[in-house]
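Worksheet for the structure shown next.
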Amino acid sequence: MAMQDHVRNPLEWAWDHLKQTGHAVEATAHTMEGAWEDHDAAPARIQRIGAADIGDALAQGFKDFGACRTDVIFLCLIYPIAGLVISRMAFDYGMVALIFPLVAGFALIAPLFGVGLYEMSRRRERGIAGGWTDAFAVARSPAIGAILVMGLLLLALFCLWLFAANFIYTVTLGPDAPVSATAFARDALTTPEGWTMIGVGVGVGFLFAFTVLIISVVSFPMLLDRNVGVVTAIATSVRAVRANPGPMAMWGFIIAASLVVGAIPLLVGLAVVLPVLGHATWHLYRKVVV
């Protein structure tokens, strides 16, 4: 006798969704296990590029942004909103000295946030029409485990940068927290200790940013595009920077300058800067890795 359909009660509904979540976590765990492994027999070949290629990658990034600007702006508004919330929390909890490191350190984890944009450019390149929901297709990618590992690596560097920034403040203007944002700005800009903090902080921040550029400039797009592990993706990124030191330095400067410009108007400009840079990164990867 056929079973009759019935309306599921909340417990049944919750149990079904819990099982689906468990299957998804299990699948992700399997991909995490092999995230470091090299699955691609043929090593990637690195192309030499020039300033014109950097310009063309940016132009292609603007084209992708123009093709889906409404969807992408809506998606990327999350980042400036999150930045403003974090800054507000820093004020409330007396961590004024860490507001600038928090904002500046966003560049260290920006490649992870760009993964959805790389996927959108990849699909558009293949002529697959879609919208902002394509960015979430990354969650179903076979490379999700390796992407998560890379993301955790960048997050660890971000936390290490915050620790370093706090240490620099402690040995220069600290250890007491600033009484207000105005007092902190005055001490930072008008005292020898403040200028020391700024100089050392900028130098250390540059080293962190340079490290992230080296290991991630083509890593995330490569993980989406090829069946490789994290080690291979990072090694390829290092090879790409070594083969193109001048253009990659230019690209790093463009990223840093763009993020600064986007952050000035209360971080709102990031809603435009981030998608353009994200799409352009995909096209830069296409030019460098063949």
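In the structure tokens, chains take the letters A, B, ... in the order shown, each chain's residues start at 1, and ligands count up from 1 in the order shown.
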
**Message:** Applying 12 Å and only C-alpha atoms, which residues near A:Asn166 remain after dropping the ones on its own chain fewer than 2 positions away? List them as a VMD selection string.
**Reply:** chain A and resid 95 to 102 159 to 164 168 to 177 197 200 to 201 204

Please save N, CA and C atoms of the selected residues as a PDB file, in the first residue's frame.
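Here's the written file result.pdb:
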ATOM      1  N   MET A  95      39.213  50.159  21.452  1.00  0.00           N
ATOM      2  CA  MET A  95      40.306  49.697  20.591  1.00  0.00           C
ATOM      3  C   MET A  95      40.524  50.661  19.431  1.00  0.00           C
ATOM      4  N   VAL A  96      40.534  51.958  19.754  1.00  0.00           N
ATOM      5  CA  VAL A  96      40.695  52.988  18.730  1.00  0.00           C
ATOM      6  C   VAL A  96      41.993  52.795  17.959  1.00  0.00           C
ATOM      7  N   ALA A  97      43.041  52.379  18.657  1.00  0.00           N
ATOM      8  CA  ALA A  97      44.351  52.226  18.020  1.00  0.00           C
ATOM      9  C   ALA A  97      44.362  51.136  16.953  1.00  0.00           C
ATOM     10  N   LEU A  98      43.359  50.242  16.972  1.00  0.00           N
ATOM     11  CA  LEU A  98      43.335  49.138  16.010  1.00  0.00           C
ATOM     12  C   LEU A  98      42.393  49.393  14.831  1.00  0.00           C
ATOM     13  N   ILE A  99      41.741  50.560  14.816  1.00  0.00           N
ATOM     14  CA  ILE A  99      40.802  50.817  13.724  1.00  0.00           C
ATOM     15  C   ILE A  99      41.524  50.878  12.382  1.00  0.00           C
ATOM     16  N   PHE A 100      42.613  51.645  12.319  1.00  0.00           N
ATOM     17  CA  PHE A 100      43.353  51.723  11.056  1.00  0.00           C
ATOM     18  C   PHE A 100      43.948  50.372  10.667  1.00  0.00           C
ATOM     19  N   PRO A 101      44.600  49.625  11.589  1.00  0.00           N
ATOM     20  CA  PRO A 101      45.078  48.287  11.202  1.00  0.00           C
ATOM     21  C   PRO A 101      43.972  47.360  10.723  1.00  0.00           C
ATOM     22  N   LEU A 102      42.781  47.482  11.315  1.00  0.00           N
ATOM     23  CA  LEU A 102      41.659  46.658  10.862  1.00  0.00           C
ATOM     24  C   LEU A 102      41.278  46.991   9.426  1.00  0.00           C
ATOM     25  N   CYS A 159      45.238  37.985  11.424  1.00  0.00           N
ATOM     26  CA  CYS A 159      45.295  38.021  12.885  1.00  0.00           C
ATOM     27  C   CYS A 159      46.709  38.326  13.366  1.00  0.00           C
ATOM     28  N   LEU A 160      47.703  37.762  12.682  1.00  0.00           N
ATOM     29  CA  LEU A 160      49.091  38.031  13.040  1.00  0.00           C
ATOM     30  C   LEU A 160      49.424  39.510  12.834  1.00  0.00           C
ATOM     31  N   TRP A 161      48.878  40.102  11.765  1.00  0.00           N
ATOM     32  CA  TRP A 161      49.084  41.532  11.516  1.00  0.00           C
ATOM     33  C   TRP A 161      48.475  42.374  12.634  1.00  0.00           C
ATOM     34  N   LEU A 162      47.263  42.015  13.082  1.00  0.00           N
ATOM     35  CA  LEU A 162      46.642  42.765  14.170  1.00  0.00           C
ATOM     36  C   LEU A 162      47.466  42.654  15.453  1.00  0.00           C
ATOM     37  N   PHE A 163      47.997  41.463  15.711  1.00  0.00           N
ATOM     38  CA  PHE A 163      48.854  41.283  16.869  1.00  0.00           C
ATOM     39  C   PHE A 163      50.097  42.167  16.761  1.00  0.00           C
ATOM     40  N   ALA A 164      50.708  42.184  15.573  1.00  0.00           N
ATOM     41  CA  ALA A 164      51.903  43.004  15.357  1.00  0.00           C
ATOM     42  C   ALA A 164      51.574  44.485  15.510  1.00  0.00           C
ATOM     43  N   ILE A 168      53.189  47.050  18.216  1.00  0.00           N
ATOM     44  CA  ILE A 168      53.870  48.295  17.836  1.00  0.00           C
ATOM     45  C   ILE A 168      53.284  49.475  18.604  1.00  0.00           C
ATOM     46  N   TYR A 169      51.956  49.503  18.743  1.00  0.00           N
ATOM     47  CA  TYR A 169      51.326  50.580  19.518  1.00  0.00           C
ATOM     48  C   TYR A 169      51.758  50.523  20.981  1.00  0.00           C
ATOM     49  N   THR A 170      51.817  49.315  21.529  1.00  0.00           N
ATOM     50  CA  THR A 170      52.155  49.160  22.946  1.00  0.00           C
ATOM     51  C   THR A 170      53.550  49.684  23.264  1.00  0.00           C
ATOM     52  N   VAL A 171      54.514  49.417  22.379  1.00  0.00           N
ATOM     53  CA  VAL A 171      55.895  49.826  22.661  1.00  0.00           C
ATOM     54  C   VAL A 171      56.174  51.273  22.254  1.00  0.00           C
ATOM     55  N   THR A 172      55.217  51.936  21.608  1.00  0.00           N
ATOM     56  CA  THR A 172      55.423  53.334  21.216  1.00  0.00           C
ATOM     57  C   THR A 172      54.510  54.272  22.002  1.00  0.00           C
ATOM     58  N   LEU A 173      53.221  54.160  21.836  1.00  0.00           N
ATOM     59  CA  LEU A 173      52.281  55.059  22.506  1.00  0.00           C
ATOM     60  C   LEU A 173      51.577  54.414  23.690  1.00  0.00           C
ATOM     61  N   GLY A 174      51.706  53.095  23.830  1.00  0.00           N
ATOM     62  CA  GLY A 174      50.991  52.374  24.887  1.00  0.00           C
ATOM     63  C   GLY A 174      51.714  52.421  26.212  1.00  0.00           C
ATOM     64  N   PRO A 175      51.333  51.498  27.126  1.00  0.00           N
ATOM     65  CA  PRO A 175      50.388  50.400  26.915  1.00  0.00           C
ATOM     66  C   PRO A 175      48.930  50.773  27.138  1.00  0.00           C
ATOM     67  N   ASP A 176      48.657  51.932  27.727  1.00  0.00           N
ATOM     68  CA  ASP A 176      47.274  52.325  27.993  1.00  0.00           C
ATOM     69  C   ASP A 176      46.540  52.635  26.689  1.00  0.00           C
ATOM     70  N   ALA A 177      45.260  52.293  26.656  1.00  0.00           N
ATOM     71  CA  ALA A 177      44.439  52.590  25.484  1.00  0.00           C
ATOM     72  C   ALA A 177      44.216  54.093  25.382  1.00  0.00           C
ATOM     73  N   MET A 197      55.647  54.952  15.518  1.00  0.00           N
ATOM     74  CA  MET A 197      54.585  53.958  15.357  1.00  0.00           C
ATOM     75  C   MET A 197      54.112  53.898  13.911  1.00  0.00           C
ATOM     76  N   VAL A 200      57.074  52.395  11.577  1.00  0.00           N
ATOM     77  CA  VAL A 200      57.261  50.954  11.770  1.00  0.00           C
ATOM     78  C   VAL A 200      56.012  50.191  11.316  1.00  0.00           C
ATOM     79  N   GLY A 201      54.841  50.735  11.629  1.00  0.00           N
ATOM     80  CA  GLY A 201      53.598  50.072  11.244  1.00  0.00           C
ATOM     81  C   GLY A 201      53.448  49.951   9.741  1.00  0.00           C
ATOM     82  N   VAL A 204      55.994  47.238   8.523  1.00  0.00           N
ATOM     83  CA  VAL A 204      55.549  45.874   8.833  1.00  0.00           C
ATOM     84  C   VAL A 204      54.316  45.518   8.006  1.00  0.00           C
TER      85      VAL A 204
END

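Neighbours of A:Ser219 closer than or equal to 8 Å, with only C-alpha atoms counted and sequence neighbours fewer than 6 positions away skipped, come out as Val230, Ala233, Ile234, Thr236 and Ser237 of chain A.
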
**Request:** Find the residues near A:Ala57: any atom within 6 Å, counting only C-alpha atoms, skip ones fewer than 3 places away on the same chain, and give them as a PyMOL selection string.
**Result:** chain A and resi 54+60+280+283-284

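Distance check against A:Pro245 using only C-alpha atoms: of A:Gly203, A:Leu213, A:Ala44, A:Leu155, the minimum falls on A:Leu213.
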
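Note that atom CA of A:Leu152 and atom CA of A:Gly229 are 14.5 Å apart.
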
**Message:** For the structure I just gave you, how does DSSP split stretch 148-192 of chain A - specifically, which residues are helix (DSSP H, G or I)? Reply as a count of residues only.
**Reply:** 36

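For A:Val273, the non-local neighbours within 9 Å, defined as residues at least 2 positions apart in the same chain or in other chains and counting only C-alpha atoms, are Ile255, Ser258, Leu259, Val261, Gly262, Gly269, Leu270, Ala271, Pro275, Val276, Leu277 and Gly278 of chain A.
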
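Nearest residue to A:Met222 among A:Leu117, A:Ala59, A:Ile147, A:Met250 is A:Ile147, counting only C-alpha atoms.
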
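Atom CA of A:Val149 is found 23.7 Å from atom CA of A:Met248.
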
**Prompt:** Can you tell me, as an NGL selection string, what residues are no more than 9 Å from A:Val288 when counting only C-alpha atoms, ignoring any on the same chain fewer than 5 positions away?
**Reply:** :A and (45-49 or 218 or 240 or 244 or 283)

Using C-alpha atoms, can you write the selected residues to a file as a short mmCIF file (atom, residue, chain, number, x, y, z; two decimals), in the first residue's frame?
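Contents of the output file selection.cif:
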data_model
loop_
_atom_site.label_atom_id
_atom_site.label_comp_id
_atom_site.auth_asym_id
_atom_site.auth_seq_id
_atom_site.Cartn_x
_atom_site.Cartn_y
_atom_site.Cartn_z
CA ARG A 45 53.22 27.44 -17.54
CA ILE A 46 53.91 31.05 -16.53
CA GLN A 47 53.70 33.81 -19.13
CA ARG A 48 55.67 37.03 -18.94
CA ILE A 49 53.42 40.09 -18.95
CA VAL A 218 46.85 33.76 -8.88
CA ALA A 240 54.26 34.13 -11.38
CA ASN A 244 56.98 39.23 -13.49
CA HIS A 283 41.69 38.21 -16.22
#

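Counting only C-alpha atoms and comparing A:Phe158, A:Phe113, A:Phe167, A:Phe253, the residue that lies closest to A:Val212 is A:Phe158.
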